[in-house]
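With compact mmCIF, C-alpha atoms and all ligand atoms inside, this is start37.txt:
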# COMPACT_ATOMS: atom_id res chain seq x y z
CA MET A 32 274.08 -153.36 136.66
CA THR A 33 277.52 -152.45 137.95
CA PRO A 34 277.79 -148.89 139.24
CA VAL A 35 279.85 -146.52 137.15
CA PRO A 36 283.07 -145.77 139.08
CA ALA A 37 282.99 -142.35 140.72
CA PRO A 38 285.41 -139.74 139.40
CA THR A 39 287.78 -138.25 141.95
CA ASP A 40 286.81 -134.55 141.93
CA GLY A 41 283.30 -134.94 143.29
CA ALA A 42 281.68 -135.14 139.87
CA THR A 43 279.88 -138.40 139.28
CA ILE A 44 278.39 -140.16 136.32
CA VAL A 45 274.79 -141.24 136.63
CA ARG A 46 272.39 -143.00 134.32
CA TRP A 47 269.14 -141.68 132.87
CA ARG A 48 266.75 -139.82 135.15
CA ASP A 49 263.51 -138.30 133.89
CA ASP A 50 264.23 -134.98 135.58
CA TYR A 51 267.48 -134.66 133.63
CA ALA A 52 265.65 -134.62 130.28
CA PRO A 53 265.84 -130.80 129.99
CA HIS A 54 269.61 -130.93 130.60
CA PHE A 55 270.01 -133.57 127.91
CA GLU A 56 268.29 -131.29 125.42
CA ALA A 57 269.98 -128.03 126.49
CA LEU A 58 273.52 -129.46 126.56
CA ASN A 59 273.10 -130.87 123.06
CA ARG A 60 271.26 -127.91 121.54
CA GLU A 61 274.16 -125.71 122.62
CA TRP A 62 276.77 -127.37 120.40
CA ILE A 63 274.45 -128.38 117.57
CA GLU A 64 273.11 -124.84 117.14
CA ARG A 65 276.58 -123.32 117.44
CA HIS A 66 278.06 -125.44 114.65
CA PHE A 67 275.14 -126.76 112.62
CA ALA A 68 271.35 -126.74 112.70
CA VAL A 69 269.04 -128.89 114.78
CA GLU A 70 267.64 -131.57 112.46
CA PRO A 71 264.35 -133.52 112.59
CA ALA A 72 266.18 -136.58 113.95
CA ASP A 73 267.47 -134.42 116.84
CA GLU A 74 264.00 -133.06 117.57
CA ALA A 75 262.60 -136.60 117.72
CA VAL A 76 265.21 -137.59 120.30
CA PHE A 77 264.74 -134.41 122.35
CA ARG A 78 260.97 -134.94 122.44
CA ASP A 79 261.36 -138.33 124.07
CA PRO A 80 264.92 -139.27 125.09
CA TYR A 81 263.73 -142.12 127.27
CA GLY A 82 261.45 -143.61 124.63
CA SER A 83 263.89 -143.24 121.76
CA ILE A 84 267.12 -144.26 123.53
CA VAL A 85 266.74 -145.87 126.96
CA ALA A 86 263.55 -147.92 126.53
CA PRO A 87 264.86 -149.83 123.45
CA GLY A 88 267.94 -150.93 125.45
CA GLY A 89 270.31 -147.97 125.24
CA GLU A 90 271.45 -145.67 128.01
CA ILE A 91 271.99 -141.98 128.64
CA PHE A 92 274.78 -140.90 130.98
CA PHE A 93 275.09 -137.59 132.81
CA LEU A 94 278.07 -136.03 134.47
CA VAL A 95 276.85 -134.34 137.62
CA ALA A 96 278.72 -132.12 140.08
CA GLY A 97 276.61 -131.06 143.04
CA ASN A 98 273.38 -129.76 141.55
CA ASP A 99 274.96 -129.08 138.15
CA VAL A 100 274.52 -131.37 135.20
CA LEU A 101 277.66 -130.64 133.19
CA GLY A 102 277.75 -133.28 130.50
CA THR A 103 275.90 -136.08 128.82
CA CYS A 104 276.24 -138.79 126.24
CA ALA A 105 273.96 -141.48 124.91
CA LEU A 106 274.36 -145.06 123.76
CA MET A 107 271.69 -146.10 121.27
CA VAL A 108 270.92 -149.64 120.24
CA HIS A 109 272.12 -150.19 116.66
CA GLY A 110 271.46 -153.77 115.63
CA GLU A 111 272.25 -156.67 117.90
CA ARG A 112 275.99 -156.29 118.26
CA THR A 113 276.51 -152.54 118.16
CA PHE A 114 275.80 -149.45 120.19
CA LYS A 115 275.87 -146.00 118.65
CA LEU A 116 277.49 -143.29 120.74
CA ALA A 117 275.54 -140.08 120.23
CA LYS A 118 274.47 -136.79 121.73
CA MET A 119 277.70 -136.24 123.58
CA ALA A 120 278.04 -132.80 125.13
CA VAL A 121 279.98 -131.07 127.88
CA SER A 122 278.85 -127.67 129.11
CA PRO A 123 281.15 -124.94 127.65
CA GLY A 124 282.16 -123.73 131.11
CA ALA A 125 283.15 -127.24 132.23
CA ARG A 126 285.49 -128.17 129.41
CA GLY A 127 289.13 -129.05 129.94
CA ARG A 128 288.42 -131.10 133.08
CA GLY A 129 288.42 -134.53 131.48
CA TYR A 130 284.63 -134.83 131.68
CA GLY A 131 284.41 -135.98 128.07
CA ASP A 132 286.84 -138.79 128.90
CA ARG A 133 284.71 -139.88 131.80
CA LEU A 134 281.54 -139.93 129.78
CA ILE A 135 283.17 -141.94 127.00
CA GLU A 136 284.74 -144.36 129.46
CA ALA A 137 281.36 -144.93 131.09
CA ALA A 138 279.77 -145.54 127.71
CA ILE A 139 282.48 -147.96 126.58
CA ALA A 140 282.35 -149.85 129.87
CA HIS A 141 278.59 -150.14 129.50
CA ALA A 142 278.88 -151.41 125.91
CA ARG A 143 281.47 -153.97 126.96
CA GLU A 144 279.37 -155.10 129.88
CA ALA A 145 276.37 -155.46 127.59
CA GLY A 146 278.43 -157.76 125.36
CA ARG A 147 278.41 -155.51 122.28
CA ASP A 148 281.12 -156.02 119.63
CA THR A 149 281.39 -152.44 118.42
CA VAL A 150 280.54 -148.87 119.27
CA LEU A 151 280.06 -146.58 116.30
CA LEU A 152 279.51 -142.86 116.09
CA LEU A 153 278.78 -140.21 113.52
CA THR A 154 280.36 -136.81 113.81
CA ASN A 155 281.63 -133.90 111.77
CA SER A 156 285.15 -133.02 110.67
CA VAL A 157 284.87 -129.47 112.09
CA LEU A 158 284.57 -130.84 115.63
CA ALA A 159 288.33 -131.29 116.04
CA PRO A 160 288.44 -131.65 119.85
CA ALA A 161 285.70 -134.29 119.70
CA LEU A 162 287.52 -136.23 116.99
CA ALA A 163 290.71 -136.15 119.06
CA LEU A 164 288.80 -137.40 122.09
CA TYR A 165 287.28 -140.28 120.16
CA ARG A 166 290.65 -141.27 118.69
CA LYS A 167 292.20 -141.18 122.14
CA HIS A 168 289.65 -143.74 123.28
CA GLY A 169 290.37 -146.10 120.42
CA PHE A 170 287.81 -145.06 117.80
CA ARG A 171 289.00 -145.33 114.20
CA GLU A 172 287.55 -143.66 111.12
CA VAL A 173 285.55 -145.88 108.76
CA PRO A 174 283.54 -145.05 105.62
CA VAL A 175 280.32 -143.13 106.37
CA ALA A 176 277.23 -145.30 106.03
CA ALA A 177 274.78 -144.01 103.46
CA GLU A 178 271.71 -144.23 105.70
CA SER A 179 272.70 -141.56 108.26
CA PRO A 180 269.71 -139.48 109.39
CA TYR A 181 271.96 -136.45 110.01
CA ALA A 182 273.10 -134.06 107.30
CA ARG A 183 275.97 -132.93 109.55
CA ALA A 184 277.52 -136.41 109.70
CA ASP A 185 280.60 -136.53 107.50
CA VAL A 186 282.80 -138.71 109.70
CA GLN A 187 281.99 -142.18 110.98
CA MET A 188 284.12 -143.85 113.60
CA GLU A 189 284.11 -147.26 115.19
CA LEU A 190 285.55 -148.82 118.29
CA ASP A 191 286.03 -152.56 117.96
CA LEU A 192 285.62 -154.03 121.42
CA ARG A 193 286.60 -157.46 120.14
CA ARG A 194 290.17 -156.39 119.47
CA ASP A 195 290.84 -156.11 123.17
CA SER A 196 292.18 -158.93 125.27
CA VAL A 197 289.78 -161.38 126.88
CA SER A 198 289.77 -161.84 130.63
CA LEU A 199 288.77 -165.42 131.35
CA ALA A 200 287.91 -164.45 134.92
CA ASP A 201 285.49 -161.82 133.58
CA ALA A 202 284.12 -164.22 131.02
CA PHE A 203 283.37 -166.92 133.57
CA ARG A 204 281.77 -164.36 135.88
CA ARG A 205 279.30 -163.66 133.11
CA VAL A 206 278.39 -167.30 132.50
CA HIS A 207 275.43 -168.25 134.66
CA GLU A 208 274.26 -171.57 133.16
CA HIS A 209 275.87 -174.96 132.95
CA TRP A 210 276.54 -176.66 129.59
CA ARG A 211 276.04 -173.45 127.58
CA PRO A 212 279.31 -172.63 125.78
CA LYS A 213 279.90 -168.95 124.98
CA VAL A 214 282.28 -167.78 122.29
CA VAL A 215 284.95 -165.36 123.56
CA ALA A 216 287.30 -165.36 120.54
CA ALA A 217 287.61 -166.81 117.06
CA LEU A 218 290.57 -167.56 114.82
CA ASN A 219 291.22 -169.52 111.64
CA GLY A 220 287.75 -170.99 111.56
CA GLN A 221 287.96 -172.13 115.17
CA GLU A 222 286.16 -170.72 118.17
CA VAL A 223 287.41 -170.32 121.72
CA LYS A 224 284.54 -170.85 124.14
CA VAL A 225 284.06 -170.77 127.87
CA VAL A 226 281.65 -173.12 129.56
CA LYS A 227 280.72 -174.11 133.09
CA LEU A 228 280.12 -177.79 133.67
CA ARG A 229 278.36 -179.57 136.49
CA GLY A 230 276.93 -183.06 136.50
CA GLU A 231 277.00 -185.41 133.54
CA PHE A 232 276.57 -184.48 129.91
CA VAL A 233 275.02 -186.68 127.22
CA TRP A 234 276.95 -189.34 125.28
CA HIS A 235 277.69 -188.11 121.76
CA HIS A 236 280.32 -187.82 119.08
CA HIS A 237 281.25 -185.22 116.49
CA GLU A 238 281.43 -186.40 112.91
CA ARG A 239 284.13 -184.00 111.73
CA GLU A 240 285.37 -181.95 114.68
CA ASP A 241 288.14 -182.53 117.22
CA GLU A 242 287.43 -180.75 120.51
CA LEU A 243 289.95 -179.33 122.95
CA PHE A 244 289.03 -179.04 126.63
CA LEU A 245 291.23 -177.05 129.03
CA VAL A 246 290.23 -176.89 132.70
CA VAL A 247 290.61 -173.43 134.21
CA ARG A 248 289.02 -174.09 137.62
CA GLY A 249 287.56 -177.24 139.17
CA ARG A 250 287.93 -180.77 137.81
CA MET A 251 286.33 -182.58 134.94
CA ARG A 252 286.24 -186.01 133.40
CA VAL A 253 286.17 -186.86 129.75
CA GLU A 254 284.60 -190.28 129.64
CA TYR A 255 285.05 -192.63 126.70
CA ARG A 256 283.34 -196.01 126.47
CA ASP A 257 286.57 -197.77 127.47
CA ARG A 258 288.35 -195.27 129.75
CA VAL A 259 288.09 -192.02 131.69
CA VAL A 260 290.43 -189.04 131.41
CA SER A 261 290.55 -186.76 134.50
CA LEU A 262 291.56 -183.15 134.06
CA ALA A 263 292.74 -180.78 136.81
CA PRO A 264 293.21 -177.01 136.40
CA GLY A 265 295.80 -176.30 133.72
CA GLU A 266 295.33 -179.70 132.06
CA LEU A 267 293.84 -180.20 128.63
CA CYS A 268 292.87 -182.99 126.29
CA VAL A 269 291.69 -183.30 122.74
CA VAL A 270 288.70 -185.51 121.99
CA PRO A 271 289.19 -186.90 118.47
CA ARG A 272 286.41 -186.66 115.92
CA GLY A 273 284.16 -189.67 115.61
CA VAL A 274 284.86 -190.97 119.12
CA GLU A 275 281.92 -191.25 121.49
CA HIS A 276 282.42 -189.29 124.70
CA ARG A 277 280.71 -187.69 127.66
CA THR A 278 281.99 -184.86 129.83
CA ALA A 279 281.26 -184.75 133.56
CA ALA A 280 282.12 -182.70 136.62
CA ASP A 281 281.20 -183.38 140.26
CA GLU A 282 281.59 -179.73 141.20
CA GLU A 283 281.08 -176.65 139.07
CA THR A 284 284.05 -176.51 136.73
CA GLU A 285 285.22 -173.78 134.38
CA VAL A 286 286.46 -175.03 131.04
CA LEU A 287 287.86 -173.46 127.91
CA ILE A 288 286.98 -175.16 124.63
CA VAL A 289 288.59 -174.78 121.22
CA GLU A 290 286.79 -176.30 118.27
CA PRO A 291 285.64 -175.39 114.74
CA ALA A 292 283.00 -172.65 114.59
CA ALA A 293 279.43 -173.90 114.75
CA THR A 294 280.33 -177.20 116.38
CA ARG A 295 277.25 -178.38 118.22
CA ASN A 296 277.96 -179.21 121.86
CA THR A 297 275.94 -182.43 121.72
CA GLY A 298 277.39 -183.45 118.34
CA ASN A 299 275.21 -186.06 116.65
CA VAL A 300 272.59 -185.90 119.43
CA GLU A 301 269.70 -183.45 119.64
CA HIS A 302 268.97 -183.13 123.34
CA PRO A 303 265.91 -181.23 124.67
CA THR A 304 267.84 -179.33 127.36
CA LEU A 305 271.57 -179.90 126.81
CA THR A 306 271.87 -178.94 123.14
CA ALA A 307 273.02 -175.31 123.20
CA PRO A 308 272.76 -172.69 120.49
CA THR A 309 275.97 -172.49 118.44
CA GLY A 310 277.85 -169.22 118.02
CA ALA A 311 276.44 -167.66 121.22
CA ARG A 312 278.82 -164.91 122.30
CA LEU A 313 279.27 -163.44 125.71
NI NI B 401 281.67 -183.27 122.39
Please express what this file holds, its structure, as structure tokens.
Ligand code: NI
Amino acid sequence: MTPVPAPTDGATIVRWRDDYAPHFEALNREWIERHFAVEPADEAVFRDPYGSIVAPGGEIFFLVAGNDVLGTCALMVHGERTFKLAKMAVSPGARGRGYGDRLIEAAIAHAREAGRDTVLLLTNSVLAPALALYRKHGFREVPVAAESPYARADVQMELDLRRDSVSLADAFRRVHEHWRPKVVAALNGQEVKVVKLRGEFVWHHHEREDELFLVVRGRMRVEYRDRVVSLAPGELCVVPRGVEHRTAADEETEVLIVEPAATRNTGNVEHPTLTAPTGARL
């Protein structure tokens, strides 16, 4: 995991530690009891923060200055594509120092790094400073889902991480296998994918789909039965539907693909190792 960048005033953000469990509970009880009432769903989380949040794949962040734990927030797994931001608290004496911003930034960075599409949160309309903070970080109000376990939840907000720009450099850094295209964007029924190539692919054709290949780094060949097209960085070609082809690269090559959603990389061929799952996102 990438370390969370250190804030400049000596306070740092750290991930879950067992000995911080009492701080997690105390920081959250403070604001919940002041404005609302602690609910059974809160008690369940306080009894076992690690088991209910971190172990299933979430994370709990703490803002620490010296020996003081001054803030916390949690990211809980919520389906495959979403994290839920929850249990966010800054100690009353430490407010106004931007600690809430730092906690949210750490949480958003973590969600992005984990490849989640959205971060959602449930809150209450009386918590005006919290709502302003969430809005500042890009959260937008959406209808409240019916299944909320908290009576105090009357506002639901979402941050759509997919709306942001895509860094191809970042995307390729996160691709670790060859011949496994990953979707980074979608538009008009087409998908934009990144893939790393090395070696020779399998001969195949696509019944209905044209495929665009754009080389970002390295060199690739698009081989047809009667000719070979060589592509250098910045060069692209379109392989027409129905035409048999094979891609190849002598060195590891980074390629951007545009083709209709759910196009299978091996087309009409089912290959034991080269056929990749369709629709896999980064
Ligand atoms: Ni193909």
Enumerate as a CSV table (one decimal) with C-alpha atoms, in the frame of the given file the residues within 8 Å of ligand NI 401 (chain B), counting all atoms listed in the file.
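Final file, part-v9.csv:
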chain,number,residue,atom,x,y,z
A,235,HIS,CA,277.7,-188.1,121.8
A,236,HIS,CA,280.3,-187.8,119.1
A,237,HIS,CA,281.2,-185.2,116.5
A,242,GLU,CA,287.4,-180.8,120.5
A,270,VAL,CA,288.7,-185.5,122.0
A,276,HIS,CA,282.4,-189.3,124.7
A,277,ARG,CA,280.7,-187.7,127.7
A,278,THR,CA,282.0,-184.9,129.8
A,295,ARG,CA,277.2,-178.4,118.2
A,296,ASN,CA,278.0,-179.2,121.9
A,297,THR,CA,275.9,-182.4,121.7
A,298,GLY,CA,277.4,-183.4,118.3
Counting all atoms listed in the file, what are the residues of range 130-221 of chain A within 8 Å of range 44-65 of chain A, and for each of them which pair of atoms is the nearest and at what distance in Å, to one decimal? Sort the table by chain and rising number, as a Markdown table.
| residue | atom | partner | partner_atom | distance |
| --- | --- | --- | --- | --- |
| A:Arg133 | CA | A:Ile44 | CA | 7.8 |
| A:Leu134 | CA | A:Ile44 | CA | 7.3 |
| A:Ala137 | CA | A:Ile44 | CA | 7.7 |
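Considering only C-alpha atoms, the residue among A:Gly97, A:Pro271, A:Pro160, A:Pro212 positioned nearest to Leu243 in chain A is A:Pro271.
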key: Distance query 7 Å from (278.8, -139.0, 119.5) using all atoms listed in the file, result as a PyMOL selection string   = chain A and resi 116-119+152-154
ask   = At what distance in Å, to one decimal, does CA of Glu240 in chain A lie from CA of Leu192 in chain A?
value = 28.7 Å
Residues within 12 Å of (280.8, -168.7, 115.5), file coords, all atoms listed in the file, listed as number ranges by chain = A: 212-224, 289-295, 308-313
